[in-house]
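Asker: I am sharing upload-v3.cif, which consists of mmCIF, C-alpha atoms and all ligand atoms:
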```cif
data_input
#
loop_
_atom_site.label_atom_id
_atom_site.label_comp_id
_atom_site.auth_asym_id
_atom_site.auth_seq_id
_atom_site.Cartn_x
_atom_site.Cartn_y
_atom_site.Cartn_z
CA MET A 1 11.74 24.39 -10.46
CA SER A 2 11.40 20.86 -11.78
CA LEU A 3 9.00 18.49 -10.07
CA PRO A 4 10.01 15.16 -8.58
CA LYS A 5 9.48 12.12 -10.81
CA VAL A 6 7.10 9.33 -9.80
CA THR A 7 6.87 6.14 -11.84
CA VAL A 8 3.80 3.94 -11.52
CA VAL A 9 4.41 0.43 -12.87
CA GLY A 10 1.13 -1.22 -13.88
CA ALA A 11 -1.34 1.11 -15.60
CA GLY A 12 -4.37 -0.97 -14.60
CA GLN A 13 -7.15 -0.03 -12.20
CA VAL A 14 -4.99 0.67 -9.15
CA GLY A 15 -1.99 2.17 -10.97
CA ALA A 16 -4.00 4.54 -13.16
CA THR A 17 -6.17 5.69 -10.23
CA ALA A 18 -3.07 6.37 -8.12
CA ALA A 19 -1.36 8.20 -10.99
CA PHE A 20 -4.36 10.46 -11.55
CA LEU A 21 -4.70 11.29 -7.85
CA ILE A 22 -0.99 12.09 -7.59
CA ALA A 23 -1.29 14.24 -10.71
CA LEU A 24 -4.30 16.12 -9.30
CA LYS A 25 -2.25 16.97 -6.22
CA GLY A 26 0.41 18.50 -8.49
CA LEU A 27 3.08 16.51 -6.68
CA ALA A 28 5.19 15.18 -9.50
CA ASP A 29 5.82 14.40 -13.13
CA ILE A 30 4.44 10.90 -13.59
CA VAL A 31 5.48 8.03 -15.84
CA LEU A 32 3.03 5.15 -16.27
CA VAL A 33 4.61 1.85 -17.36
CA ASP A 34 2.80 -1.29 -18.47
CA VAL A 35 3.50 -4.33 -20.64
CA ALA A 36 0.19 -3.84 -22.44
CA GLU A 37 0.85 -1.83 -25.61
CA GLY A 38 -1.05 1.44 -25.83
CA ILE A 39 -2.62 1.23 -22.36
CA PRO A 40 -0.14 3.42 -20.45
CA GLN A 41 0.13 5.83 -23.40
CA GLY A 42 -3.65 6.06 -23.82
CA LYS A 43 -4.35 6.54 -20.11
CA ALA A 44 -1.57 9.14 -19.79
CA LEU A 45 -3.00 11.08 -22.72
CA ASP A 46 -6.52 10.88 -21.31
CA MET A 47 -5.26 12.27 -17.97
CA MET A 48 -3.36 15.07 -19.72
CA HIS A 49 -6.59 16.09 -21.47
CA ALA A 50 -7.97 16.91 -18.00
CA ARG A 51 -5.16 19.37 -17.31
CA SER A 52 -6.97 22.53 -18.35
CA LEU A 53 -9.91 21.53 -16.15
CA GLU A 54 -8.01 20.46 -13.06
CA HIS A 55 -5.05 22.84 -13.50
CA PHE A 56 -2.30 20.47 -12.45
CA GLY A 57 1.24 21.29 -13.47
CA GLY A 58 2.96 17.93 -13.69
CA SER A 59 3.17 15.85 -16.85
CA ILE A 60 1.94 12.28 -17.29
CA THR A 61 3.71 10.05 -19.80
CA GLY A 62 2.95 6.46 -20.78
CA SER A 63 5.56 3.89 -21.78
CA ASN A 64 6.12 0.18 -22.36
CA ASP A 65 9.77 0.45 -21.34
CA TYR A 66 11.73 1.99 -18.50
CA GLY A 67 13.67 4.62 -20.51
CA PRO A 68 11.41 7.55 -19.51
CA THR A 69 11.40 6.39 -15.87
CA ALA A 70 15.16 6.93 -15.39
CA GLY A 71 16.08 8.60 -12.13
CA SER A 72 12.63 8.40 -10.53
CA ASP A 73 12.34 9.63 -6.95
CA VAL A 74 9.51 7.23 -6.15
CA VAL A 75 8.46 4.04 -7.97
CA VAL A 76 5.04 2.57 -7.18
CA VAL A 77 4.64 -1.07 -8.26
CA THR A 78 1.07 -2.15 -8.99
CA ALA A 79 1.91 -4.58 -11.80
CA GLY A 80 0.26 -7.94 -11.37
CA LEU A 81 -3.01 -9.77 -11.32
CA PRO A 82 -5.83 -8.64 -9.04
CA ARG A 83 -8.02 -11.00 -7.00
CA LYS A 84 -11.14 -12.58 -8.45
CA PRO A 85 -14.11 -13.69 -6.27
CA GLY A 86 -13.13 -16.57 -3.99
CA MET A 87 -9.38 -15.98 -4.46
CA THR A 88 -7.16 -15.16 -1.52
CA ARG A 89 -4.27 -12.76 -1.96
CA GLU A 90 -1.98 -15.81 -1.59
CA ASP A 91 -3.48 -17.40 -4.72
CA LEU A 92 -1.75 -14.63 -6.63
CA LEU A 93 1.65 -15.62 -5.28
CA ALA A 94 3.31 -17.41 -8.20
CA ALA A 95 2.08 -15.17 -11.00
CA ASN A 96 2.72 -11.92 -9.20
CA GLY A 97 6.07 -13.11 -7.80
CA ALA A 98 7.39 -13.53 -11.35
CA ILE A 99 6.08 -10.09 -12.34
CA VAL A 100 7.57 -8.35 -9.29
CA ARG A 101 10.93 -10.03 -9.98
CA SER A 102 11.08 -8.74 -13.53
CA VAL A 103 9.82 -5.26 -12.59
CA MET A 104 12.35 -4.87 -9.77
CA GLY A 105 15.18 -5.93 -12.09
CA GLU A 106 14.25 -2.97 -14.32
CA VAL A 107 13.76 -0.55 -11.41
CA ARG A 108 17.14 -1.46 -9.92
CA SER A 109 18.97 -0.31 -13.04
CA SER A 110 16.73 2.58 -14.15
CA SER A 111 16.06 4.26 -10.77
CA PRO A 112 18.77 3.10 -8.36
CA ASP A 113 18.02 5.85 -5.82
CA ALA A 114 14.23 5.55 -5.76
CA VAL A 115 11.96 4.86 -2.83
CA VAL A 116 9.85 1.89 -3.95
CA VAL A 117 6.25 1.43 -2.79
CA LEU A 118 4.92 -2.08 -3.44
CA VAL A 119 1.20 -2.57 -3.94
CA THR A 120 1.01 -5.90 -5.77
CA ASN A 121 -0.56 -8.69 -3.69
CA PRO A 122 0.09 -10.70 -1.61
CA LEU A 123 1.53 -7.42 -0.40
CA ASP A 124 3.70 -8.34 2.57
CA VAL A 125 5.42 -11.15 0.66
CA MET A 126 5.82 -9.08 -2.53
CA ALA A 127 7.35 -6.18 -0.59
CA HIS A 128 9.96 -8.53 0.90
CA LEU A 129 10.67 -10.15 -2.47
CA ALA A 130 11.02 -6.72 -4.10
CA TRP A 131 13.47 -5.64 -1.42
CA ARG A 132 15.56 -8.79 -1.93
CA ILE A 133 15.63 -8.44 -5.72
CA SER A 134 16.41 -4.71 -5.61
CA GLY A 135 19.43 -4.89 -3.34
CA PHE A 136 18.24 -1.46 -2.09
CA PRO A 137 18.64 -0.47 1.57
CA ALA A 138 15.59 -1.68 3.52
CA GLU A 139 14.35 1.84 4.23
CA ARG A 140 13.79 2.39 0.52
CA VAL A 141 11.44 -0.57 -0.14
CA LEU A 142 8.08 -0.50 1.61
CA GLY A 143 4.53 -1.63 0.93
CA MET A 144 1.06 -0.06 0.87
CA GLY A 145 -1.38 -2.10 2.96
CA GLY A 146 -1.78 -0.63 6.41
CA VAL A 147 -2.88 2.77 5.09
CA LEU A 148 -5.67 1.14 3.06
CA ASP A 149 -6.80 -1.17 5.87
CA SER A 150 -6.78 1.80 8.28
CA ALA A 151 -8.83 3.89 5.82
CA ARG A 152 -11.41 1.11 5.67
CA PHE A 153 -11.42 0.88 9.47
CA ALA A 154 -12.01 4.66 9.65
CA TYR A 155 -14.90 4.37 7.22
CA PHE A 156 -16.63 1.67 9.25
CA ILE A 157 -16.06 3.58 12.52
CA ALA A 158 -17.65 6.69 10.96
CA ASP A 159 -20.52 4.57 9.67
CA ALA A 160 -21.18 3.05 13.11
CA THR A 161 -20.78 6.22 15.21
CA GLY A 162 -22.09 8.88 12.82
CA ALA A 163 -18.98 10.96 13.55
CA PRO A 164 -17.45 12.98 10.70
CA ILE A 165 -14.63 11.06 9.02
CA SER A 166 -12.25 13.98 9.71
CA GLU A 167 -12.56 13.36 13.47
CA ILE A 168 -11.57 9.73 13.29
CA GLU A 169 -8.15 8.17 13.72
CA ALA A 170 -7.97 4.49 12.85
CA VAL A 171 -5.05 2.10 12.83
CA VAL A 172 -4.63 -1.37 11.40
CA ILE A 173 -1.29 -3.17 11.51
CA GLY A 174 -0.13 -6.69 10.57
CA ALA A 175 -0.44 -8.53 7.27
CA HIS A 176 -2.57 -7.04 4.49
CA GLY A 177 -4.94 -10.00 4.56
CA ASP A 178 -7.40 -11.85 6.74
CA THR A 179 -4.98 -11.88 9.70
CA MET A 180 -4.65 -8.08 9.79
CA VAL A 181 -4.72 -6.54 13.25
CA PRO A 182 -7.08 -3.58 13.69
CA LEU A 183 -6.20 -1.70 16.89
CA PRO A 184 -9.40 -0.34 18.55
CA ARG A 185 -7.44 0.96 21.59
CA PHE A 186 -5.33 3.15 19.28
CA SER A 187 -8.31 4.18 17.13
CA LYS A 188 -10.23 7.25 18.25
CA VAL A 189 -13.29 9.37 17.66
CA ARG A 190 -12.55 12.99 18.64
CA GLY A 191 -9.63 11.67 20.69
CA THR A 192 -11.64 9.06 22.62
CA PRO A 193 -10.50 5.45 22.13
CA LEU A 194 -13.08 3.23 20.45
CA PRO A 195 -13.56 0.79 23.37
CA GLU A 196 -14.65 3.75 25.56
CA LEU A 197 -17.34 4.70 23.04
CA LEU A 198 -18.81 1.42 21.87
CA GLY A 199 -19.60 -1.99 23.33
CA ALA A 200 -17.33 -4.95 22.69
CA ASP A 201 -19.82 -6.48 20.22
CA GLU A 202 -20.05 -3.28 18.21
CA VAL A 203 -16.27 -2.96 18.08
CA ALA A 204 -15.98 -6.61 17.01
CA GLU A 205 -18.45 -6.03 14.19
CA ILE A 206 -16.52 -2.97 12.93
CA VAL A 207 -13.31 -5.03 13.04
CA ARG A 208 -14.99 -7.86 11.10
CA LYS A 209 -16.20 -5.46 8.39
CA THR A 210 -12.70 -3.98 8.14
CA VAL A 211 -11.01 -7.35 7.73
CA PHE A 212 -13.41 -8.34 4.94
CA GLY A 213 -13.66 -4.84 3.41
CA GLY A 214 -11.53 -5.75 0.40
CA ALA A 215 -13.30 -9.08 -0.16
CA GLU A 216 -16.68 -7.33 -0.07
CA VAL A 217 -15.58 -5.08 -2.94
CA VAL A 218 -14.19 -8.08 -4.90
CA ALA A 219 -17.49 -9.94 -4.46
CA LEU A 220 -19.50 -6.96 -5.74
CA LEU A 221 -17.24 -6.14 -8.70
CA LYS A 222 -16.99 -9.82 -9.75
CA SER A 223 -14.00 -8.99 -11.97
CA GLY A 224 -11.01 -7.39 -10.34
CA SER A 225 -10.49 -5.89 -6.91
CA ALA A 226 -10.72 -2.47 -5.24
CA PHE A 227 -8.92 0.48 -6.77
CA TYR A 228 -10.28 3.85 -5.59
CA ALA A 229 -9.29 3.47 -1.93
CA PRO A 230 -6.03 1.69 -2.88
CA GLY A 231 -5.24 4.54 -5.30
CA ALA A 232 -5.96 7.14 -2.62
CA SER A 233 -3.80 5.23 -0.13
CA ILE A 234 -0.87 5.23 -2.56
CA ALA A 235 -1.31 8.95 -3.20
CA ALA A 236 -1.33 9.61 0.56
CA MET A 237 1.93 7.70 1.04
CA VAL A 238 3.60 9.40 -1.94
CA THR A 239 2.49 12.78 -0.56
CA THR A 240 4.18 12.02 2.76
CA ILE A 241 7.33 10.65 1.13
CA LEU A 242 7.81 13.55 -1.32
CA GLY A 243 6.81 16.12 1.30
CA ASP A 244 9.40 14.59 3.64
CA THR A 245 6.98 15.20 6.51
CA GLY A 246 7.97 12.26 8.71
CA ALA A 247 4.28 11.55 9.32
CA VAL A 248 3.59 8.14 10.87
CA MET A 249 1.59 5.83 8.60
CA PRO A 250 0.97 2.10 9.00
CA SER A 251 3.37 0.82 6.34
CA CYS A 252 4.73 -2.53 5.27
CA VAL A 253 8.40 -2.34 6.28
CA LEU A 254 11.28 -4.70 7.00
CA LEU A 255 11.26 -5.59 10.70
CA ASN A 256 14.53 -5.91 12.51
CA GLY A 257 13.56 -6.87 16.04
CA GLU A 258 10.74 -4.34 16.43
CA TYR A 259 7.74 -5.91 18.17
CA GLY A 260 9.92 -9.00 18.63
CA LEU A 261 9.82 -9.74 14.88
CA SER A 262 12.59 -9.99 12.27
CA GLY A 263 13.24 -11.02 8.69
CA LEU A 264 9.90 -10.10 7.17
CA HIS A 265 7.97 -7.11 5.87
CA LEU A 266 4.84 -6.32 7.85
CA ASN A 267 2.58 -3.30 8.38
CA VAL A 268 3.56 -1.34 11.48
CA PRO A 269 3.45 2.38 12.27
CA ALA A 270 6.39 4.00 10.49
CA SER A 271 7.57 7.55 9.95
CA LEU A 272 7.97 8.26 6.20
CA GLY A 273 9.96 10.82 4.27
CA ARG A 274 12.23 11.45 1.29
CA ARG A 275 14.56 8.62 2.30
CA GLY A 276 11.65 6.18 2.65
CA VAL A 277 11.18 4.69 6.11
CA LEU A 278 12.71 7.15 8.58
CA SER A 279 11.91 5.07 11.66
CA VAL A 280 9.56 2.39 12.97
CA ALA A 281 7.35 3.45 15.87
CA GLU A 282 7.13 0.87 18.64
CA TRP A 283 3.76 1.33 20.28
CA GLU A 284 2.99 -0.38 23.57
CA LEU A 285 0.76 -3.21 22.48
CA ASP A 286 -1.01 -5.30 25.11
CA GLU A 287 -0.59 -9.05 25.26
CA GLN A 288 -3.56 -9.79 23.00
CA GLU A 289 -2.58 -7.25 20.35
CA LEU A 290 1.01 -8.49 20.31
CA ALA A 291 -0.14 -12.12 20.04
CA ALA A 292 -2.37 -11.20 17.08
CA LEU A 293 0.54 -9.39 15.41
CA HIS A 294 2.80 -12.42 15.91
CA ALA A 295 0.14 -14.78 14.51
CA SER A 296 -0.21 -12.50 11.48
CA ALA A 297 3.58 -12.44 11.04
CA ALA A 298 3.77 -16.24 11.28
CA GLY A 299 1.51 -16.57 8.22
CA VAL A 300 3.67 -14.17 6.20
CA THR A 301 6.88 -15.95 7.27
CA GLU A 302 5.41 -19.30 6.26
CA THR A 303 4.60 -17.97 2.78
CA LEU A 304 8.04 -16.38 2.51
CA MET A 305 9.63 -19.74 3.26
CA SER A 306 7.65 -21.33 0.42
CA ILE A 307 8.97 -19.03 -2.30
CA ASP A 308 12.32 -18.50 -3.98
CA LEU A 309 13.88 -15.31 -2.60
CA GLU A 310 17.24 -15.76 -4.32
CA VAL A 311 18.37 -12.84 -6.45
N1 LIG B 1 5.15 -4.97 -16.06
C1 LIG B 1 4.30 -3.93 -16.08
N2 LIG B 1 2.97 -4.08 -16.01
C2 LIG B 1 2.49 -5.32 -15.90
C3 LIG B 1 3.33 -6.46 -15.86
C4 LIG B 1 4.72 -6.25 -15.93
N3 LIG B 1 5.60 -7.25 -15.91
N4 LIG B 1 2.53 -7.56 -15.74
C5 LIG B 1 1.26 -7.13 -15.70
N5 LIG B 1 1.24 -5.78 -15.78
C6 LIG B 1 0.09 -4.89 -15.80
C7 LIG B 1 -1.12 -5.42 -16.56
O1 LIG B 1 -0.94 -5.29 -17.96
C8 LIG B 1 -2.24 -4.54 -16.02
O2 LIG B 1 -2.45 -3.38 -16.80
O3 LIG B 1 -0.42 -4.69 -14.48
C9 LIG B 1 -1.71 -4.13 -14.63
C10 LIG B 1 -2.59 -4.61 -13.49
O4 LIG B 1 -3.80 -3.95 -13.59
P1 LIG B 1 -5.19 -4.64 -13.22
O5 LIG B 1 -5.29 -5.96 -13.88
O6 LIG B 1 -6.25 -3.61 -13.48
O7 LIG B 1 -5.06 -4.91 -11.66
P2 LIG B 1 -5.27 -3.86 -10.46
O8 LIG B 1 -6.67 -3.92 -10.00
O9 LIG B 1 -4.69 -2.56 -10.83
O10 LIG B 1 -4.39 -4.55 -9.31
C11 LIG B 1 -2.97 -4.59 -9.43
O11 LIG B 1 -2.61 -4.31 -7.08
O12 LIG B 1 -4.09 -4.24 -5.29
C12 LIG B 1 -3.21 -5.04 -6.03
O13 LIG B 1 -4.17 -7.28 -5.83
C13 LIG B 1 -3.92 -6.19 -6.69
O14 LIG B 1 -1.94 -7.38 -7.26
C14 LIG B 1 -2.95 -6.55 -7.78
C15 LIG B 1 -2.37 -5.19 -8.17
#
```
Step by step, read the file and then write its structure as structure tokens.

Answerer:
Amino acid sequence: MSLPKVTVVGAGQVGATAAFLIALKGLADIVLVDVAEGIPQGKALDMMHARSLEHFGGSITGSNDYGPTAGSDVVVVTAGLPRKPGMTREDLLAANGAIVRSVMGEVRSSSPDAVVVLVTNPLDVMAHLAWRISGFPAERVLGMGGVLDSARFAYFIADATGAPISEIEAVVIGAHGDTMVPLPRFSKVRGTPLPELLGADEVAEIVRKTVFGGAEVVALLKSGSAFYAPGASIAAMVTTILGDTGAVMPSCVLLNGEYGLSGLHLNVPASLGRRGVLSVAEWELDEQELAALHASAAGVTETLMSIDLEV
């Protein structure tokens, strides 16, 4: 039986890490695409050399063009510049907007039936731009942000409580940026909501660490941004999509009235499967949580209005 095909555009830190993790799970044949000559080919070959050690079945191929990507089931877009210290994700807007435009033009013709997972920052804006350029139905263009922010939230909850990471549920919604909305009421240790376990100050400190989790990594690395947790977040989403499980993951999806928001991509809980976004879950947010989500959305909408979304 042939495996599904996953294309990862951008064979840099995030793309290559995601590709290797997807390969290790034996989920798919993978094609790595990058404009840099030799990089996708070299990384693909290096990964294939690990096959006898890790015993994965799928193939990994590198390419500078989209020929080998034809008919992909899932396309992950990581092409673009990463943040440097002091840069916000919005600083990347112009450069990465041009890259996402050209990549989506290629994806539209080479893999017209694919589910596309955007990773390039600023994520929420790039996911919306990619959807516009693709002409794909909205359920087939989503972004990876909420899964990563939630993973960071889970890490900091485990760190503060000493609970095993496997017993923690953590949820962050909203923009993948400083206005993200961690949801302590919906985040649990062994089923108990965080505010019932910790004091308000402790919860606030965990939230603060989560919001600046990515920036902390950027500041330490000094060149480039995080890639292990982003790679693992991509692999988790691709696993759910290809497995068609319908699992709910905080994902950057087009909103159409849900949570009182429309016309933008934003991270909200969404059920994912082979067709992409199967449904958006509308959780009962309290007034404060909803206000924070709307404030986060307002920032994304403002940025969207400042860029050219014409096809
Ligand atoms: N087509 C394909 N690949 C491209 C293109 C393009 N048009 N333009 C740039 N690239 C490639 C680069 O050659 C590079 O190999 O994208 C890759 C990006 O890799 P890195 O510079 O290592 O960046 P990375 O850390 O992987 O981050 C990529 O993901 O998390 C986000 O903010 C991050 O937007 C950034 C993206």

Asker: Using only C-alpha atoms, give me every residue within 10 Å of (11.2, -0.3, 7.7) in file coordinates, as a list in words.

Answerer: Pro137, Ala138, Glu139, Arg140, Val141, Leu142, Gly143, Ser251, Cys252, Val253, Leu254, Leu255, Asn256, Glu258, Leu264, His265, Leu266, Asn267, Val268, Pro269, Ala270, Ser271, Leu272, Gly276, Val277, Leu278, Ser279, Val280 and Ala281 of chain A

Asker: Can you write out as CSV which residues of chain A fall within 9 Å of ligand LIG 1 (chain B), alongside each residue's closest atom pair and its distance in Å to one decimal, counting only C-alpha atoms and all ligand atoms and ordering rows by chain and ascending residue number?

Answerer:
```
residue,atom,partner,partner_atom,distance
A:Val9,CA,B:LIG1,C1,5.4
A:Gly10,CA,B:LIG1,O3,3.8
A:Ala11,CA,B:LIG1,O2,4.8
A:Gly12,CA,B:LIG1,O4,3.2
A:Gln13,CA,B:LIG1,O9,3.8
A:Val14,CA,B:LIG1,O9,3.7
A:Gly15,CA,B:LIG1,O9,5.4
A:Ala16,CA,B:LIG1,O9,7.5
A:Thr17,CA,B:LIG1,O9,8.4
A:Val33,CA,B:LIG1,C1,5.9
A:Asp34,CA,B:LIG1,N2,3.7
A:Val35,CA,B:LIG1,C1,4.6
A:Ala36,CA,B:LIG1,O1,4.8
A:Glu37,CA,B:LIG1,O1,8.6
A:Ile39,CA,B:LIG1,O2,7.2
A:Pro40,CA,B:LIG1,O2,8.1
A:Asn64,CA,B:LIG1,C1,7.7
A:Asp65,CA,B:LIG1,C1,8.8
A:Val77,CA,B:LIG1,O11,8.0
A:Thr78,CA,B:LIG1,C15,4.7
A:Ala79,CA,B:LIG1,O3,3.6
A:Gly80,CA,B:LIG1,C5,4.5
A:Leu81,CA,B:LIG1,C14,4.8
A:Pro82,CA,B:LIG1,C14,3.8
A:Arg83,CA,B:LIG1,O13,5.5
A:Arg89,CA,B:LIG1,O13,6.7
A:Leu92,CA,B:LIG1,O14,7.3
A:Ala95,CA,B:LIG1,N4,9.0
A:Asn96,CA,B:LIG1,O14,6.8
A:Ala98,CA,B:LIG1,N3,8.0
A:Ile99,CA,B:LIG1,N3,4.6
A:Val100,CA,B:LIG1,N3,7.0
A:Arg101,CA,B:LIG1,N3,8.4
A:Ser102,CA,B:LIG1,N3,6.2
A:Val103,CA,B:LIG1,N3,5.7
A:Leu118,CA,B:LIG1,O11,8.7
A:Val119,CA,B:LIG1,O11,5.2
A:Thr120,CA,B:LIG1,O14,3.6
A:Asn121,CA,B:LIG1,O14,4.0
A:Pro122,CA,B:LIG1,O14,6.9
A:Leu123,CA,B:LIG1,O14,7.7
A:Gly145,CA,B:LIG1,O12,8.9
A:Gly224,CA,B:LIG1,O8,5.6
A:Ser225,CA,B:LIG1,O8,5.3
A:Ala226,CA,B:LIG1,O8,6.4
A:Phe227,CA,B:LIG1,O8,5.9
A:Pro230,CA,B:LIG1,O12,6.7
A:Gly231,CA,B:LIG1,O12,8.9
```

Asker: Would you mind reading off the distance between CA of Gly146 (chain A) and CA of Ser109 (chain A), one decimal, in Å?

Answerer: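 Interatomic distance here is 28.4 Å.
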
Asker: If I take CA of Arg208 (chain A) and CA of Val117 (chain A), how far is one from the other in Å, to one decimal?

Answerer: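 Spanning CA of Arg208 (chain A) to CA of Val117 (chain A) is a straight-line distance of 27.0 Å.
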
Asker: Restricting the calculation to all atoms listed in the file, which member of A:Phe20, A:Phe156, A:Phe186, A:Tyr66 is positioned closest to Val172 (chain A)?

Answerer: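 Closest residue, counting all atoms listed in the file: A:Phe186.
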
Asker: CA of Gly67 (chain A) and CA of His55 (chain A) are how many Å apart?

Answerer: 27.0 Å

Asker: Would you mind listing what lies within 12 Å of Ala151 (chain A) as a ChimeraX atom specification, with all atoms listed in the file counted and same-chain residues fewer than 2 positions away left out?

Answerer: /A:144-149,153-158,165-166,168-173,182,187,210-211,213-214,228-234,236,249-250

Asker: For Gly263 (chain A), which residue among A:Phe136, A:Trp131, A:Phe56, A:Phe212 is the nearest when counting only C-alpha atoms?

Answerer: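 Ranked by minimum distance to Gly263 (chain A), first place goes to A:Trp131.
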
Asker: Have a look at A:Leu194, A:Leu32, A:Val217, A:Leu24 and name the one nearest to Leu53 (chain A); count all atoms listed in the file.

Answerer: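 The closest residue to Leu53 (chain A) is A:Leu24.
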
Asker: Return the single residue from A:Val8, A:Leu3, A:Ala19, A:Val125 that is closest to Met305 (chain A), with distances computed using all atoms listed in the file.

Answerer: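 Checking each of A:Val8, A:Leu3, A:Ala19, A:Val125 against Met305 (chain A), counting all atoms listed in the file, the winner is A:Val125.
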
Asker: Determine the nearest neighbour of Glu196 (chain A) from the options A:Ser150, A:Gly273, A:Pro184, A:His128, counting all atoms listed in the file.

Answerer: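 When distances to Glu196 (chain A) are compared using all atoms listed in the file, the smallest one comes from A:Pro184.
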
Asker: Counting all atoms listed in the file, which of A:Met104, A:Leu21, A:Leu309, A:Leu27 gets nearest to Gly243 (chain A)?

Answerer: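 Result for the nearest residue to Gly243 (chain A): A:Leu27.
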
Asker: Give as a ChimeraX atom specification each residue that has an atom at most 8 Å from (-5.0, -10.5, 10.2) in the file, counting all atoms listed in the file.

Answerer: /A:174-181,211,292-293,295-296

Asker: Would you compute the box with edges along x, y and z of the file around region 244-252 of chain A, including every atom the file lists for it and 5 Å extra on each side, and give its centre and edge lengths in Å to one decimal, as JSON?

Answerer:
```
{"center_x": 5.2, "center_y": 6.3, "center_z": 7.3, "size_x": 18.4, "size_y": 27.7, "size_z": 17.2}
```

Asker: Using all heavy atoms, give me region 261-266 of chain A from the structure I just pasted, as a PDB file, in the first residue's frame.

Answerer:
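Saved result, result-v5.pdb, follows:
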```
ATOM      1  N   LEU A 261     -16.448  36.399  15.425  1.00  0.00           N
ATOM      2  CA  LEU A 261     -15.362  36.908  14.578  1.00  0.00           C
ATOM      3  C   LEU A 261     -15.487  36.362  13.158  1.00  0.00           C
ATOM      4  O   LEU A 261     -15.867  35.202  12.969  1.00  0.00           O
ATOM      5  CB  LEU A 261     -14.005  36.483  15.156  1.00  0.00           C
ATOM      6  CG  LEU A 261     -13.654  37.065  16.533  1.00  0.00           C
ATOM      7  CD1 LEU A 261     -12.497  36.288  17.162  1.00  0.00           C
ATOM      8  CD2 LEU A 261     -13.306  38.546  16.412  1.00  0.00           C
ATOM      9  N   SER A 262     -15.134  37.203  12.182  1.00  0.00           N
ATOM     10  CA  SER A 262     -15.205  36.769  10.777  1.00  0.00           C
ATOM     11  C   SER A 262     -14.091  37.404   9.960  1.00  0.00           C
ATOM     12  O   SER A 262     -13.569  38.464  10.317  1.00  0.00           O
ATOM     13  CB  SER A 262     -16.508  37.223  10.120  1.00  0.00           C
ATOM     14  OG  SER A 262     -17.605  36.690  10.769  1.00  0.00           O
ATOM     15  N   GLY A 263     -13.758  36.743   8.846  1.00  0.00           N
ATOM     16  CA  GLY A 263     -12.878  37.351   7.851  1.00  0.00           C
ATOM     17  C   GLY A 263     -11.410  37.322   8.196  1.00  0.00           C
ATOM     18  O   GLY A 263     -10.623  38.057   7.597  1.00  0.00           O
ATOM     19  N   LEU A 264     -11.027  36.479   9.158  1.00  0.00           N
ATOM     20  CA  LEU A 264      -9.602  36.359   9.467  1.00  0.00           C
ATOM     21  C   LEU A 264      -9.300  34.932   9.886  1.00  0.00           C
ATOM     22  O   LEU A 264     -10.203  34.179  10.251  1.00  0.00           O
ATOM     23  CB  LEU A 264      -9.178  37.329  10.580  1.00  0.00           C
ATOM     24  CG  LEU A 264      -9.520  36.967  12.032  1.00  0.00           C
ATOM     25  CD1 LEU A 264      -8.663  37.787  12.974  1.00  0.00           C
ATOM     26  CD2 LEU A 264     -10.987  37.181  12.338  1.00  0.00           C
ATOM     27  N   HIS A 265      -8.021  34.571   9.821  1.00  0.00           N
ATOM     28  CA  HIS A 265      -7.564  33.292  10.366  1.00  0.00           C
ATOM     29  C   HIS A 265      -7.061  33.540  11.778  1.00  0.00           C
ATOM     30  O   HIS A 265      -6.301  34.490  12.021  1.00  0.00           O
ATOM     31  CB  HIS A 265      -6.423  32.720   9.516  1.00  0.00           C
ATOM     32  CG  HIS A 265      -6.877  31.943   8.320  1.00  0.00           C
ATOM     33  ND1 HIS A 265      -7.472  32.535   7.229  1.00  0.00           N
ATOM     34  CD2 HIS A 265      -6.827  30.607   8.052  1.00  0.00           C
ATOM     35  CE1 HIS A 265      -7.754  31.591   6.342  1.00  0.00           C
ATOM     36  NE2 HIS A 265      -7.371  30.412   6.817  1.00  0.00           N
ATOM     37  N   LEU A 266      -7.466  32.685  12.699  1.00  0.00           N
ATOM     38  CA  LEU A 266      -7.049  32.826  14.095  1.00  0.00           C
ATOM     39  C   LEU A 266      -7.063  31.439  14.739  1.00  0.00           C
ATOM     40  O   LEU A 266      -7.833  30.565  14.333  1.00  0.00           O
ATOM     41  CB  LEU A 266      -8.024  33.748  14.828  1.00  0.00           C
ATOM     42  CG  LEU A 266      -7.524  34.418  16.106  1.00  0.00           C
ATOM     43  CD1 LEU A 266      -6.372  35.382  15.816  1.00  0.00           C
ATOM     44  CD2 LEU A 266      -8.651  35.196  16.794  1.00  0.00           C
TER      45      LEU A 266
END
```
